[in-house]
>>> print(open('structure.cif').read())   # mmCIF, C-alpha atoms
data_work
#
loop_
_atom_site.label_atom_id
_atom_site.label_comp_id
_atom_site.auth_asym_id
_atom_site.auth_seq_id
_atom_site.Cartn_x
_atom_site.Cartn_y
_atom_site.Cartn_z
CA MET A 1 -19.44 -32.23 -30.51
CA THR A 2 -20.29 -34.27 -27.42
CA ARG A 3 -16.60 -34.29 -26.49
CA ALA A 4 -16.35 -30.47 -26.70
CA VAL A 5 -18.96 -29.89 -24.00
CA PRO A 6 -17.30 -32.10 -21.35
CA ALA A 7 -13.88 -30.62 -22.21
CA SER A 8 -15.16 -27.05 -21.81
CA VAL A 9 -16.89 -27.97 -18.56
CA ALA A 10 -13.66 -29.55 -17.32
CA CYS A 11 -11.76 -26.34 -18.18
CA LEU A 12 -14.28 -24.24 -16.23
CA VAL A 13 -14.09 -26.54 -13.22
CA LEU A 14 -10.29 -26.47 -13.34
CA ALA A 15 -10.24 -22.65 -13.62
CA ALA A 16 -12.66 -22.34 -10.69
CA GLY A 17 -10.45 -24.64 -8.63
CA VAL A 18 -7.35 -22.60 -9.39
CA ALA A 19 -9.16 -19.33 -8.59
CA SER A 20 -10.42 -20.62 -5.26
CA ALA A 21 -6.94 -21.97 -4.39
CA HIS A 22 -5.56 -18.44 -4.68
CA PRO A 23 -7.76 -16.24 -2.48
CA HIS A 24 -7.38 -12.53 -1.84
CA PHE A 25 -8.43 -11.11 1.50
CA ASN A 26 -9.97 -7.87 2.65
CA LYS A 27 -7.84 -6.95 5.64
CA THR A 28 -8.13 -4.52 8.50
CA VAL A 29 -5.13 -3.69 10.66
CA THR A 30 -5.64 -1.58 13.79
CA ALA A 31 -2.95 -0.23 16.09
CA LYS A 32 -2.91 2.19 18.99
CA LEU A 33 -0.03 4.59 18.35
CA PRO A 34 2.22 5.82 21.19
CA SER A 35 0.21 9.09 21.18
CA GLY A 36 -2.98 7.14 21.96
CA VAL A 37 -4.41 7.72 18.48
CA GLU A 38 -6.00 4.67 16.89
CA ALA A 39 -4.80 3.98 13.33
CA THR A 40 -6.80 1.61 11.13
CA ILE A 41 -5.68 0.34 7.73
CA THR A 42 -8.08 -1.32 5.30
CA TYR A 43 -6.91 -2.96 2.08
CA ASN A 44 -7.13 -6.01 -0.15
CA THR A 45 -4.29 -8.49 -0.65
CA THR A 46 -4.53 -8.39 -4.43
CA PRO A 47 -1.40 -8.82 -6.58
CA ALA A 48 1.23 -6.18 -5.90
CA ASN A 49 1.26 -4.67 -9.43
CA GLU A 50 4.82 -3.37 -9.11
CA ILE A 51 4.96 -2.87 -12.89
CA ARG A 52 2.49 0.02 -12.63
CA ALA A 53 4.67 1.68 -10.00
CA GLN A 54 7.85 1.14 -12.00
CA GLU A 55 6.23 2.66 -15.12
CA ALA A 56 4.97 5.74 -13.23
CA ALA A 57 6.49 9.10 -14.06
CA VAL A 58 8.96 10.62 -11.63
CA GLY A 59 6.98 12.87 -9.27
CA ALA A 60 3.77 10.81 -9.59
CA PHE A 61 1.72 9.59 -6.62
CA VAL A 62 1.13 5.86 -6.99
CA THR A 63 -1.33 4.00 -4.84
CA PRO A 64 -1.05 0.23 -5.06
CA ARG A 65 -4.69 -0.89 -4.93
CA ARG A 66 -5.75 2.13 -2.83
CA PRO A 67 -5.21 1.05 0.76
CA MET A 68 -6.80 3.42 3.28
CA LEU A 69 -5.58 4.73 6.65
CA LYS A 70 -8.01 6.16 9.21
CA LEU A 71 -6.66 8.15 12.16
CA SER A 72 -8.88 8.80 15.20
CA GLY A 73 -6.88 11.90 16.14
CA GLU A 74 -4.07 14.16 15.03
CA VAL A 75 -0.62 12.57 14.68
CA LYS A 76 2.69 14.41 14.81
CA ALA A 77 5.54 12.60 13.09
CA GLY A 78 8.62 14.78 13.31
CA ALA A 79 7.95 17.97 11.35
CA VAL A 80 4.78 16.48 9.79
CA THR A 81 1.32 16.88 11.33
CA ILE A 82 -1.37 14.52 10.07
CA PRO A 83 -4.91 15.61 10.99
CA ALA A 84 -7.51 13.06 12.08
CA GLY A 85 -9.33 11.58 9.11
CA GLU A 86 -9.10 9.10 6.26
CA TYR A 87 -6.24 8.91 3.77
CA THR A 88 -5.29 6.90 0.72
CA ILE A 89 -1.87 5.35 1.29
CA GLY A 90 0.54 5.71 -1.60
CA VAL A 91 4.08 6.44 -2.68
CA ILE A 92 5.72 9.23 -4.67
CA LYS A 93 8.35 8.24 -7.17
CA ASN A 94 11.38 10.53 -6.67
CA SER A 95 13.57 8.58 -9.10
CA GLU A 96 13.88 5.02 -10.39
CA LYS A 97 15.42 3.93 -7.08
CA ASP A 98 13.95 6.36 -4.56
CA TRP A 99 10.40 6.60 -3.25
CA THR A 100 8.61 8.52 -0.47
CA MET A 101 5.53 7.28 1.35
CA ALA A 102 2.65 9.77 1.23
CA LEU A 103 -0.96 10.08 2.29
CA TYR A 104 -3.69 11.62 0.13
CA PRO A 105 -6.66 13.08 2.06
CA GLY A 106 -9.74 10.94 1.37
CA ALA A 107 -10.11 8.76 -1.69
CA THR A 108 -7.99 9.53 -4.73
CA PRO A 109 -9.75 10.91 -7.79
CA GLN A 110 -9.88 9.10 -11.12
CA GLY A 111 -6.82 10.11 -13.13
CA PRO A 112 -3.68 11.87 -11.90
CA VAL A 113 -3.40 12.87 -8.25
CA ASP A 114 -2.41 16.41 -7.29
CA VAL A 115 0.81 15.62 -5.40
CA ALA A 116 0.68 19.04 -3.72
CA LYS A 117 -2.31 17.75 -1.69
CA THR A 118 -0.39 14.79 -0.27
CA ILE A 119 1.25 14.57 3.13
CA LYS A 120 4.78 13.23 2.67
CA LEU A 121 6.01 11.06 5.51
CA GLU A 122 9.61 10.73 6.62
CA SER A 123 10.38 7.53 4.74
CA GLU A 124 12.81 4.70 4.29
CA PHE A 125 12.84 2.83 0.98
CA SER A 126 14.37 -0.59 0.40
CA THR A 127 14.41 -3.44 -2.08
CA SER A 128 16.21 -5.83 0.29
CA HIS A 129 13.11 -7.28 2.00
CA GLY A 130 12.52 -9.80 -0.80
CA PRO A 131 9.47 -9.88 -3.05
CA ALA A 132 5.87 -9.63 -1.87
CA GLU A 133 3.61 -11.19 -4.47
CA HIS A 134 0.61 -9.58 -2.79
CA MET A 135 0.52 -6.16 -1.22
CA LEU A 136 1.17 -6.10 2.51
CA VAL A 137 0.35 -3.03 4.60
CA ASP A 138 1.01 -2.78 8.34
CA ILE A 139 1.90 -0.56 11.28
CA SER A 140 5.05 -1.77 12.97
CA PRO A 141 7.80 -0.63 15.31
CA GLY A 142 10.46 1.09 13.23
CA ASP A 143 14.09 0.08 13.01
CA GLY A 144 17.28 1.75 11.82
CA LYS A 145 16.78 5.53 11.78
CA MET A 146 13.15 4.98 12.79
CA THR A 147 13.85 2.93 15.92
CA GLY A 148 11.38 3.74 18.67
CA ARG A 149 8.77 5.10 16.29
CA ALA A 150 5.56 3.67 14.87
CA VAL A 151 5.84 3.28 11.11
CA LEU A 152 3.38 2.58 8.33
CA THR A 153 4.83 -0.10 6.04
CA VAL A 154 3.88 -0.95 2.47
CA HIS A 155 5.45 -3.91 0.68
CA PHE A 156 4.54 -4.62 -2.94
CA GLY A 157 6.71 -6.54 -5.36
CA SER A 158 10.33 -5.76 -4.48
CA LEU A 159 9.46 -2.30 -3.13
CA PHE A 160 9.31 -1.81 0.65
CA LEU A 161 8.58 1.53 2.27
CA ALA A 162 8.29 2.60 5.88
CA GLY A 163 6.78 5.99 6.73
CA ALA A 164 6.91 7.57 10.19
CA LEU A 165 3.61 7.88 12.09
CA SER A 166 5.16 8.98 15.39
#
>>> encode(input="structure.cif", output="structure tokens")
Amino acid sequence: MTRAVPASVACLVLAAGVASAHPHFNKTVTAKLPSGVEATITYNTTPANEIRAQEAAVGAFVTPRRPMLKLSGEVKAGAVTIPAGEYTIGVIKNSEKDWTMALYPGATPQGPVDVAKTIKLESEFSTSHGPAEHMLVDISPGDGKMTGRAVLTVHFGSLFLAGALS
């Protein structure tokens, strides 16, 4: 019995060491868009959870860990107008190999999201950026067909999406 207590304590200490060696961060990313609007992203770098996205039904809005985007003013991105406000960043599954980035006004409700309420962004989807073990969200200069534009990027697992913000 005396050996069981030290062994269990050792297991707890080891587990605590492993947990602290693998931190997750609350992150805030802020960028001033070409229009002068300030865009702020807040999210946590928790595991990507690509399996949940892959298992989602076609047509479903999936939000990997509910990252949020706050816009200080209205943004026009091609034919899309995004009013000032806060949005949950997510993706809509068009098919097994096609996704669209979308924004849901405010926080998403518990349960299914009404996709009709989302703002779909002009998007590029790719699996060629390599895996991201933890979700990464950013605002970056676009490339390819989005060259010269500000894009919102979401990278989780092997899925990488860029959505036009300008």
>>> closest_residue(input="structure.cif", among="A:Leu159, A:Ala60, A:Val37, A:Ala31", to="Ala116 (chain A)", atoms="only C-alpha atoms")
A:Ala60
>>> closest_residue(input="structure.cif", among="A:Glu55, A:Asp138, A:Glu96, A:Glu86", to="Val151 (chain A)", atoms="all atoms listed in the file")
A:Asp138
>>> atom_distance(input="structure.cif", atom1="CA of Thr153 (chain A)", atom2="CA of Met101 (chain A)")
8.8 Å
>>> closest_residue(input="structure.cif", among="A:Leu161, A:Ile51, A:Ala107, A:Val75", to="Leu33 (chain A)", atoms="all atoms listed in the file")
A:Val75
>>> residues_around(input="structure.cif", residues="region 118-127 of chain A", least_positions_apart="6", cutoff="8 Å", atoms="only C-alpha atoms", output="list in words")
Ala77, Gly78, Val80, Ile82, Asp98, Trp99, Thr100, Met101, Ala102, Leu103, Tyr104, Pro105, Ser158, Leu159, Phe160, Leu161, Ala162, Gly163, Ala164 and Leu165 of chain A
>>> closest_residue(input="structure.cif", among="A:Gly36, A:Gly111, A:Gly90, A:Pro47", to="Leu152 (chain A)", atoms="all atoms listed in the file")
A:Gly90
>>> atom_distance(input="structure.cif", atom1="CA of Pro109 (chain A)", atom2="CA of Thr88 (chain A)")
10.4 Å
>>> closest_residue(input="structure.cif", among="A:Lys27, A:His129, A:Arg149, A:His155", to="Leu69 (chain A)", atoms="only C-alpha atoms")
A:Lys27
>>> closest_residue(input="structure.cif", among="A:Asn26, A:Ser35, A:Thr63, A:Thr42", to="Gln110 (chain A)", atoms="all atoms listed in the file")
A:Thr63
>>> residues_near_point(input="structure.cif", point="(-9.6, -0.5, -2.2)", cutoff="9 Å", atoms="only C-alpha atoms", output="compact mmCIF listing (two decimals) with C-alpha atoms, keeping the file's coordinate frame")
# COMPACT_ATOMS: atom_id res chain seq x y z
CA ASN A 26 -9.97 -7.87 2.65
CA THR A 42 -8.08 -1.32 5.30
CA TYR A 43 -6.91 -2.96 2.08
CA ASN A 44 -7.13 -6.01 -0.15
CA ARG A 65 -4.69 -0.89 -4.93
CA ARG A 66 -5.75 2.13 -2.83
CA PRO A 67 -5.21 1.05 0.76
CA MET A 68 -6.80 3.42 3.28
>>> atom_distance(input="structure.cif", atom1="CA of Glu38 (chain A)", atom2="CA of Tyr87 (chain A)")
13.8 Å
>>> resolve_selection(input="structure.cif", expression="the PyMOL selection byres ((chain A and resi 140) around 6)", output="list in words")
Ile139, Pro141, Ala150 and Val151 of chain A
>>> resolve_selection(input="structure.cif", expression="the PyMOL selection byres ((chain A and resi 132) around 6)", output="list in words")
Pro131, Glu133, His134, Phe156 and Gly157 of chain A
